[in-house]
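Written out below as structure tokens is the structure these notes cover.
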Amino acid sequence: MARTLEHIAQAAGCTVDAKDPGLSITGAAPFDEAGPGQITLAADKKLVKRIGDTRASAVIVGKDAPPAGVPLLRADNPRLAFARVVGLFFSPPVQAPGVHPAASVGVGFACGDDPSIAPGAVIGNNVTAGHRLTVGPNAVVEDNVVLGDDVIIRANAVIGWGCALGSRVIVHSGAVIGSDGFGYATGEDGRMFKVPQTGTVQIGDDVEIGANCAIDRATFGATVIGNGVKTDNLVHVAHNVTVGEATVLVAQCGISGSTKIGRNCVILGQAGLADHLTVGDFTMVGAQAGVGEDLAGGQMVSGTPAIPHRVWLRVTRLIKRLPDIHNRLKALEKKVRDLEGGHGTSL
Amino acid sequence: MARTLEHIAQAAGCTVDAKDPGLSITGAAPFDEAGPGQITLAADKKLVKRIGDTRASAVIVGKDAPPAGVPLLRADNPRLAFARVVGLFFSPPVQAPGVHPAASVGVGFACGDDPSIAPGAVIGNNVTAGHRLTVGPNAVVEDNVVLGDDVIIRANAVIGWGCALGSRVIVHSGAVIGSDGFGYATGEDGRMFKVPQTGTVQIGDDVEIGANCAIDRATFGATVIGNGVKTDNLVHVAHNVTVGEATVLVAQCGISGSTKIGRNCVILGQAGLADHLTVGDFTMVGAQAGVGEDLAGGQMVSGTPAIPHRVWLRVTRLIKRLPDIHNRLKALEKKVRDLEGGHGTSL
Amino acid sequence: MARTLEHIAQAAGCTVDAKDPGLSITGAAPFDEAGPGQITLAADKKLVKRIGDTRASAVIVGKDAPPAGVPLLRADNPRLAFARVVGLFFSPPVQAPGVHPAASVGVGFACGDDPSIAPGAVIGNNVTAGHRLTVGPNAVVEDNVVLGDDVIIRANAVIGWGCALGSRVIVHSGAVIGSDGFGYATGEDGRMFKVPQTGTVQIGDDVEIGANCAIDRATFGATVIGNGVKTDNLVHVAHNVTVGEATVLVAQCGISGSTKIGRNCVILGQAGLADHLTVGDFTMVGAQAGVGEDLAGGQMVSGTPAIPHRVWLRVTRLIKRLPDIHNRLKALEKKVRDLEGGHGTSL
């Protein structure tokens with residue numbers, strides 16, 4: 001699996017800054033762990049300064065990093081170049097090709113070339129898929145699901161009836177796509193009657209859904225996950241939500257019903273968005289924030305209820321000083337009482 | 001699937017306010033999406049005002065809505081009537097009847113009429129179920145489980161040994177009922193010894209459990225989920241919790257061990273309740289709230305630690321003004337110093 | 001299943017303080033539920049005072065509890081003794097021995113004595129396990145996994161390729177070990193490119209992982225879960241995290257990438273830790289706390305952002321008084337204005 005520096009540079013879009021472009025590289029590793037034969041990454045200034053410390057045989061750096069005693073590959077985007085290089089040396093295990101005899105496939109299954117359906121996988125009726133479909137062990141694809149090319153559904157994930165996934169989508173283990181939305185009509189006696197959830201989930205291309213996420217189907221129409229969206233683990237997306245292109249939902253955040261999130265947003269871990277909100281493009285929502293109002297794009301908010309992040313930073317510095325602030329207020333009250341009493345000075 | 005307005009009115013408990021009760025309706029859709037042939041809902045005043053905008057052929061409204069140029073169905077509870085109407089036109093896909101040959105069923109399985117056990121489903125020994133049991137693909141029902149009539153266990157859900165579910169219960173995909181409670185005795189050296197979790201989970205009638213929830217079995221006795229309880233996705237219910245009738249647990253909330261929640265409560269998203277609490281009937285806990293003390297019924301609380309919602313609203317308006325408040329305090333301190341110094345005026 | 005008091009005392013490391021050490025005990029139950037023939041626990045002073053109320057035939061107490069009218073077993077650690085006693089009378093149902101014909105086992109499976117592989121379980125290629133392996137229905141163990149002795153993997157759990165678990169590990173239903181870490185390199189156009197997640201998860205001995213948890217594999221190397229760690233349900237552990245020995249992660253907490261938690265820590269429910277942090281030994285993080293900075297060991301923190309728990313307690317008492325504090329500030333401002341105006345007294 002060894003590759004020359006030159007080959008790596010070409011594959012990752014780098015220029016070679018080394019005496020021997022034919023240098024043989026056998027793997028990639030992080031800065032402090034890489035050893036002889038390996039290539040590593042020094043993306044930030046801190047590591048670039050420490051570049052003499054590495055035991056790696058080559059380092060990927062930015063275009064403007066100073067020359068070093070170690071062979072360099074220079075990239076406009078060193079992190080991205082390194083991700084590509086890692087992919088040159090590593091592939092996750094590939095499932096055996098074909099439909100395993102211990103899989104269960106319904107009628108009307110139409111898929112492209114080279115499917116891999118693992119033991120225990122269950123595929124419903126009238127499922128359509130593109131090329132190179134991978135369905136992991138004990139994963140379930142219900143009736144009338146439509147899947148693009150190069151879709152990977154990992155072990156024990158569930159794709160509910162009628163949902164559609166684009167190409168190059170990865171659904172991690174235990175994730176559930178297309179559970180019923182949480183909708184009830186309340187009777188006079190407080191009993192709740194289920195509102196039928198007639199819609200689906202529509203997922204674009206290049207989406208990755210984390211382990212044990214739950215994405216509900218729409219009441220009508222579709223819950224929409226745009227192209228390039230990435231969700232971390234244990235994320236909740238309610239019915240009729242729309243998540244814009246390239247938006248990131250970090251672990252354990254939750255998006256309530258019918259909320260529309262724009263493109264290139266980042267919703268950090270454990271944050272929650274109320275229902276029926278509109279969140280503009282390029283919004284960042286801080287970890288554990290609680291958003292109860294619409295957000296214009298291009299800003300960061302934090303806190304519950306969420307406020308602009310810069311204000312939140314100032315506020316949180318003061319919150320921990322509240323006991324001191326309160327004591328100062330009490331002292332002032334005493335002084336003012338004294339002044340009012342005509343003493344002129346306190347104590 | 002077309003139905004007359006009159007038929008729909010009868011099925012949903014509405015009165016017809018239209019010239020032609022024989023008008024043919026082919027489906028139901030939301031206000032802004034409904035088209036010719038469809039019936040829609042205008043439950044709130046905003047939509048009632050916009051009733052002339054709809055392209056729907058009929059609209060469900062309240063008893064006191066004004067007459068309109070479009071055929072109306074009038075209901076005491078328009079949302080509930082609409083939910084029923086949606087159910088007239090839509091049914092989720094029904095699993096094939098019978099026990100699929102790729103299912104695995106233990107000894108002593110006793111069930112009523114018309115079971116549907118999907119491929120990959122595993123049913124343990126001595127499981128008892130009522131009529132019309134549906135067990136989805138790769139779902140697991142462990143030994144000695146008792147299920148009522150019309151129970152639906154969706155794909156990849158797990159019902160642990162000894163648990164009991166009432167009738168008309170829906171368990172969504174990936175939910176786990178009857179995992180071990182989280183109980184340990186700590187040894188002198190800090191090591192934790194598992195306290196055997198000997199109890200079960202008892203779930204009433206008309207309960208719905210969301211995708212990827214986890215409801216733990218009791219240490220002794222039972223974790224109890226009352227009739228009509230609805231849980232959204234990714235909800236955690238610890239051992240020995242009791243959830244009262246018709247209470248709603250919204251997504252990602254968590255209920256700690258032995259806490260007792262009354263009836264008709266709403267625990268909003270990402271809220272957390274500490275252990276061994278008693279929460280009275282008709283309590284509402286705000287999103288992301290953290291409840292550490294008992295709550296009398298009939299109130300709403302918010303915040304961490306939770307306080308009455310009305311106080312919380314005032315508090316949160318002030319929290320974001322803390323920098324201003326602090327500046328005002330500093331200015332006052334200076335003024336008082338000046339006053340004490342005998343200058344009489346500040347600056 | 002009856003056992004004498006003497007036998008129980010020996011098994012649980014207690015001394016007998018009773019006239020008849022041959023007294024027959026048939027079970028264990030909590031203080032208020034135990035009846036004749038059963039043994040119960042009075043671990044805290046409150047219950048010791050109420051010891052006359054119990055209907056139990058024997059009570060486990062501390063070494064220094066006063067004599068009582070009921071037979072006593074005395075233990076240094078009564079809770080631990082009681083946990084052991086419960087285990088004398090109760091065992092969870094045991095899966096049938098052997099590899100069920102409806103399980104699917106890959107090539108190169110090497111395991112010790114007495115495995116129990118349930119129907120629907122899928123074991124990949126080159127899996128190695130110790131003695132008494134239990135794999136539940138529809139659980140998945142991917143390729144190249146290494147498991148110690150007495151490992152129990154419950155229904156529908158997933159152990160990802162290459163992960164390693166020590167001995168006496170329990171993985172509850174729906175948990176996912178070894179999902180891909182959440183790592184992307186962002187391109188100039190905002191698109192995210194997946195960083196291959198080449199590492200694994202390494203889990204020590206005596207670990208218990210709760211239902212529907214998600215523990216990601218490392219980008220390089222391993223996400224490490226130390227000996228004796230216990231995680232509650234729905235916990236998220238990101239890539240390259242290290243969790244020290246005997247640390248407890250309570251339900252729905254989340255640990256971000258590369259954070260290192262020391263030993264004997266307790267991370268309470270719904271708390272969140274940011275990435276790349278170091279948390280010292282014996283740290284306690286309060287429920288719903290948000291930790292954004294390194295923590296030295298031996299302290300408790302609460303709040304978002306987290307502050308010392310004692311400060312947080314004082315702060316939260318003041319936060320709810322903010323409306324009053326603000327009113328007092330306004331009143332002071334008026335008084336000072338009056339004083340400045342030379343009136344001497346307010347009002």
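Just remember, in the structure tokens the first chain shown is A, the second B, etc., residues are 1-based per chain, and ligands are 1-based in the order shown.
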
DSSP says strand (DSSP E) for which residues of range 129-256 of chain B? Put them as a ChimeraX atom specification?
-> /B:129,134-135,140-141,146-147,152-153,158-159,164-165,170-171,176-179,184-186,192-194,200-203,208-209,214-216,222-225,230-231,236-237,242-243,248-249,254-255

Once you have the residues from the selection above, write them out as a compact mmCIF listing (two decimals), in the first residue's frame, restricted to N, CA and C atoms.
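And here is the file that came out, again_16.txt:
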```
# COMPACT_ATOMS: atom_id res chain seq x y z
N ALA B 129 -50.19 -12.49 23.39
CA ALA B 129 -50.63 -11.26 22.73
C ALA B 129 -52.10 -11.37 22.37
N THR B 134 -48.99 -6.72 15.52
CA THR B 134 -48.05 -6.45 14.44
C THR B 134 -46.65 -6.32 15.03
N VAL B 135 -45.76 -7.16 14.57
CA VAL B 135 -44.35 -7.05 14.97
C VAL B 135 -43.53 -6.81 13.71
N VAL B 140 -37.77 -7.22 18.33
CA VAL B 140 -37.55 -8.32 19.27
C VAL B 140 -38.54 -8.22 20.42
N VAL B 141 -39.22 -9.31 20.69
CA VAL B 141 -40.10 -9.40 21.87
C VAL B 141 -39.54 -10.54 22.72
N VAL B 146 -46.29 -9.75 27.73
CA VAL B 146 -47.74 -9.80 27.55
C VAL B 146 -48.18 -8.56 26.79
N LEU B 147 -48.90 -8.77 25.70
CA LEU B 147 -49.31 -7.66 24.84
C LEU B 147 -50.83 -7.69 24.66
N ILE B 152 -48.73 -2.55 17.98
CA ILE B 152 -47.84 -2.43 16.83
C ILE B 152 -46.42 -2.17 17.33
N ILE B 153 -45.53 -3.08 17.05
CA ILE B 153 -44.13 -2.92 17.42
C ILE B 153 -43.36 -2.77 16.12
N VAL B 158 -37.41 -3.13 20.66
CA VAL B 158 -37.17 -4.24 21.59
C VAL B 158 -38.11 -4.14 22.78
N ILE B 159 -38.83 -5.21 23.05
CA ILE B 159 -39.63 -5.30 24.27
C ILE B 159 -38.98 -6.34 25.16
N ALA B 164 -45.13 -5.72 30.05
CA ALA B 164 -46.53 -5.86 29.64
C ALA B 164 -47.00 -4.57 28.98
N LEU B 165 -47.63 -4.70 27.83
CA LEU B 165 -48.17 -3.55 27.12
C LEU B 165 -49.67 -3.76 26.97
N ILE B 170 -48.40 1.59 20.36
CA ILE B 170 -47.47 1.63 19.22
C ILE B 170 -46.08 1.89 19.77
N VAL B 171 -45.15 1.03 19.44
CA VAL B 171 -43.74 1.25 19.83
C VAL B 171 -42.96 1.48 18.54
N VAL B 176 -36.51 0.96 22.99
CA VAL B 176 -36.17 -0.16 23.86
C VAL B 176 -37.02 -0.05 25.13
N ILE B 177 -37.85 -1.01 25.35
CA ILE B 177 -38.67 -1.07 26.56
C ILE B 177 -38.09 -2.16 27.45
N GLY B 178 -37.70 -1.82 28.66
CA GLY B 178 -37.27 -2.87 29.58
C GLY B 178 -35.78 -3.11 29.61
N SER B 179 -35.00 -2.10 29.24
CA SER B 179 -33.56 -2.20 29.50
C SER B 179 -33.36 -2.14 31.02
N TYR B 184 -26.43 0.90 40.93
CA TYR B 184 -25.18 0.30 41.39
C TYR B 184 -24.99 0.58 42.87
N ALA B 185 -24.35 -0.35 43.54
CA ALA B 185 -23.89 -0.10 44.90
C ALA B 185 -22.39 0.13 44.80
N THR B 186 -21.91 1.19 45.44
CA THR B 186 -20.51 1.55 45.32
C THR B 186 -19.70 0.91 46.43
N MET B 192 -18.18 -0.09 41.24
CA MET B 192 -19.63 -0.18 41.29
C MET B 192 -20.09 -1.60 41.03
N PHE B 193 -20.99 -2.06 41.89
CA PHE B 193 -21.58 -3.39 41.74
C PHE B 193 -23.01 -3.24 41.28
N LYS B 194 -23.35 -3.96 40.25
CA LYS B 194 -24.68 -3.86 39.66
C LYS B 194 -25.73 -4.34 40.65
N THR B 200 -40.09 -4.92 35.93
CA THR B 200 -40.49 -4.86 34.52
C THR B 200 -40.94 -3.45 34.16
N VAL B 201 -41.48 -3.33 32.97
CA VAL B 201 -42.17 -2.10 32.55
C VAL B 201 -43.61 -2.47 32.25
N GLN B 202 -44.53 -1.69 32.82
CA GLN B 202 -45.95 -1.91 32.58
C GLN B 202 -46.49 -0.71 31.83
N ILE B 203 -46.99 -0.96 30.64
CA ILE B 203 -47.48 0.12 29.78
C ILE B 203 -48.98 -0.06 29.59
N GLU B 208 -48.15 5.55 22.96
CA GLU B 208 -47.25 5.57 21.81
C GLU B 208 -45.85 5.94 22.30
N ILE B 209 -44.88 5.12 21.93
CA ILE B 209 -43.49 5.32 22.36
C ILE B 209 -42.67 5.65 21.12
N ALA B 214 -35.74 4.98 25.39
CA ALA B 214 -35.27 3.91 26.27
C ALA B 214 -36.04 4.00 27.58
N ILE B 215 -36.76 2.98 27.89
CA ILE B 215 -37.56 2.93 29.13
C ILE B 215 -37.08 1.76 29.96
N ASP B 216 -36.49 2.07 31.10
CA ASP B 216 -35.85 1.04 31.91
C ASP B 216 -36.84 0.27 32.77
N ALA B 222 -42.42 -2.30 39.10
CA ALA B 222 -42.55 -1.93 37.70
C ALA B 222 -42.36 -0.43 37.48
N THR B 223 -41.73 -0.10 36.37
CA THR B 223 -41.81 1.23 35.80
C THR B 223 -43.17 1.29 35.11
N VAL B 224 -43.94 2.35 35.39
CA VAL B 224 -45.34 2.36 34.94
C VAL B 224 -45.60 3.52 33.98
N ILE B 225 -46.09 3.19 32.81
CA ILE B 225 -46.48 4.20 31.82
C ILE B 225 -48.01 4.10 31.69
N LYS B 230 -48.01 9.57 25.62
CA LYS B 230 -47.33 9.64 24.33
C LYS B 230 -45.92 10.13 24.56
N THR B 231 -44.95 9.40 24.07
CA THR B 231 -43.57 9.91 24.14
C THR B 231 -43.05 10.12 22.74
N HIS B 236 -35.80 9.36 27.58
CA HIS B 236 -35.26 8.43 28.57
C HIS B 236 -36.18 8.38 29.77
N VAL B 237 -36.61 7.20 30.15
CA VAL B 237 -37.41 7.01 31.37
C VAL B 237 -36.68 5.98 32.22
N THR B 242 -43.03 6.52 37.37
CA THR B 242 -44.45 6.39 37.03
C THR B 242 -44.84 7.60 36.20
N VAL B 243 -45.42 7.37 35.05
CA VAL B 243 -45.92 8.46 34.22
C VAL B 243 -47.43 8.34 34.16
N VAL B 248 -47.60 13.71 28.29
CA VAL B 248 -46.82 13.78 27.06
C VAL B 248 -45.37 14.06 27.39
N LEU B 249 -44.48 13.22 26.87
CA LEU B 249 -43.04 13.44 27.05
C LEU B 249 -42.45 13.79 25.69
N GLY B 254 -35.78 13.66 29.75
CA GLY B 254 -35.32 12.54 30.56
C GLY B 254 -35.92 12.57 31.95
N ILE B 255 -36.38 11.43 32.41
CA ILE B 255 -37.02 11.33 33.72
C ILE B 255 -36.18 10.39 34.57
```

Quick one: which residues from chain C are at most 8 Å off chain B, using only C-alpha atoms, as an MDAnalysis selection string?
-> chainID C and resid 29:30 77 79:80 83:84 86:87 90:93 102 119:120 137:138 155:156 172:174 210:212 228 232:234 246 251:252 264 269:270 287:288 316 319:323 326 329 333 336 339:342

Contact residues around Phe109 in chain B with only C-alpha atoms at 6 Å, ignoring same-chain residues under 2 positions, as a PyMOL selection string = chain B and resi 107+126-128

Can you list every residue in range 35-102 of chain B that DSSP puts in helix (DSSP H, G or I), as a list in words?
->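 In range 35-102 of chain B, DSSP puts these residues in helix (DSSP H, G or I): Lys45, Lys46, Leu47, Val48, Lys49, Ile51, Gly52, Asp53, Pro78, Arg79, Leu80, Ala81, Phe82, Ala83, Arg84, Val85, Val86, Gly87, Leu88 and Phe89 of chain B.
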
Near Gly37 in chain A, within 10 Å and counting only C-alpha atoms, which residues show up once chain neighbours fewer than 4 positions away are dropped, as a PyMOL selection string?
-> chain A and resi 2+23-28+55-58

I need the chosen residues saved as a JSON list (two decimals), in the first residue's frame, with N, CA, C and O atoms.
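Listing of part26.json after writing:
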```
[["chain", "number", "residue", "atom", "x", "y", "z"],
["A", 2, "ALA", "N", 2.18, 1.11, -0.12],
["A", 2, "ALA", "CA", 3.03, 2.31, -0.11],
["A", 2, "ALA", "C", 2.76, 3.15, -1.35],
["A", 2, "ALA", "O", 2.43, 2.63, -2.42],
["A", 23, "LEU", "N", 9.76, 9.61, -2.65],
["A", 23, "LEU", "CA", 9.78, 9.08, -1.27],
["A", 23, "LEU", "C", 8.55, 8.21, -1.03],
["A", 23, "LEU", "O", 7.44, 8.57, -1.38],
["A", 24, "SER", "N", 8.79, 7.07, -0.42],
["A", 24, "SER", "CA", 7.70, 6.12, -0.22],
["A", 24, "SER", "C", 7.00, 6.35, 1.12],
["A", 24, "SER", "O", 7.64, 6.40, 2.17],
["A", 25, "ILE", "N", 5.69, 6.49, 1.08],
["A", 25, "ILE", "CA", 4.87, 6.73, 2.29],
["A", 25, "ILE", "C", 3.93, 5.54, 2.46],
["A", 25, "ILE", "O", 3.31, 5.07, 1.50],
["A", 26, "THR", "N", 3.82, 5.08, 3.70],
["A", 26, "THR", "CA", 3.04, 3.85, 3.93],
["A", 26, "THR", "C", 1.77, 4.08, 4.75],
["A", 26, "THR", "O", 1.00, 3.15, 4.97],
["A", 27, "GLY", "N", 1.57, 5.32, 5.22],
["A", 27, "GLY", "CA", 0.35, 5.55, 6.00],
["A", 27, "GLY", "C", 0.27, 6.98, 6.47],
["A", 27, "GLY", "O", 1.18, 7.78, 6.21],
["A", 28, "ALA", "N", -0.83, 7.31, 7.11],
["A", 28, "ALA", "CA", -1.06, 8.65, 7.63],
["A", 28, "ALA", "C", -1.42, 8.56, 9.10],
["A", 28, "ALA", "O", -2.06, 7.60, 9.52],
["A", 55, "ARG", "N", 8.06, 12.85, 14.02],
["A", 55, "ARG", "CA", 8.85, 11.72, 13.54],
["A", 55, "ARG", "C", 8.35, 11.24, 12.19],
["A", 55, "ARG", "O", 8.82, 10.26, 11.63],
["A", 56, "ALA", "N", 7.32, 11.95, 11.66],
["A", 56, "ALA", "CA", 6.76, 11.56, 10.36],
["A", 56, "ALA", "C", 7.78, 11.81, 9.25],
["A", 56, "ALA", "O", 8.69, 12.62, 9.38],
["A", 57, "SER", "N", 7.58, 11.12, 8.16],
["A", 57, "SER", "CA", 8.49, 11.27, 7.02],
["A", 57, "SER", "C", 8.07, 12.39, 6.09],
["A", 57, "SER", "O", 8.83, 12.79, 5.21],
["A", 58, "ALA", "N", 6.87, 12.91, 6.25],
["A", 58, "ALA", "CA", 6.41, 14.03, 5.44],
["A", 58, "ALA", "C", 5.26, 14.71, 6.17],
["A", 58, "ALA", "O", 4.57, 14.08, 6.98]]
```

6 Å contact set for Arg74 in chain A, only C-alpha atoms, chain neighbours under 5 positions out, as a ChimeraX atom specification | /A:14-15,60-63
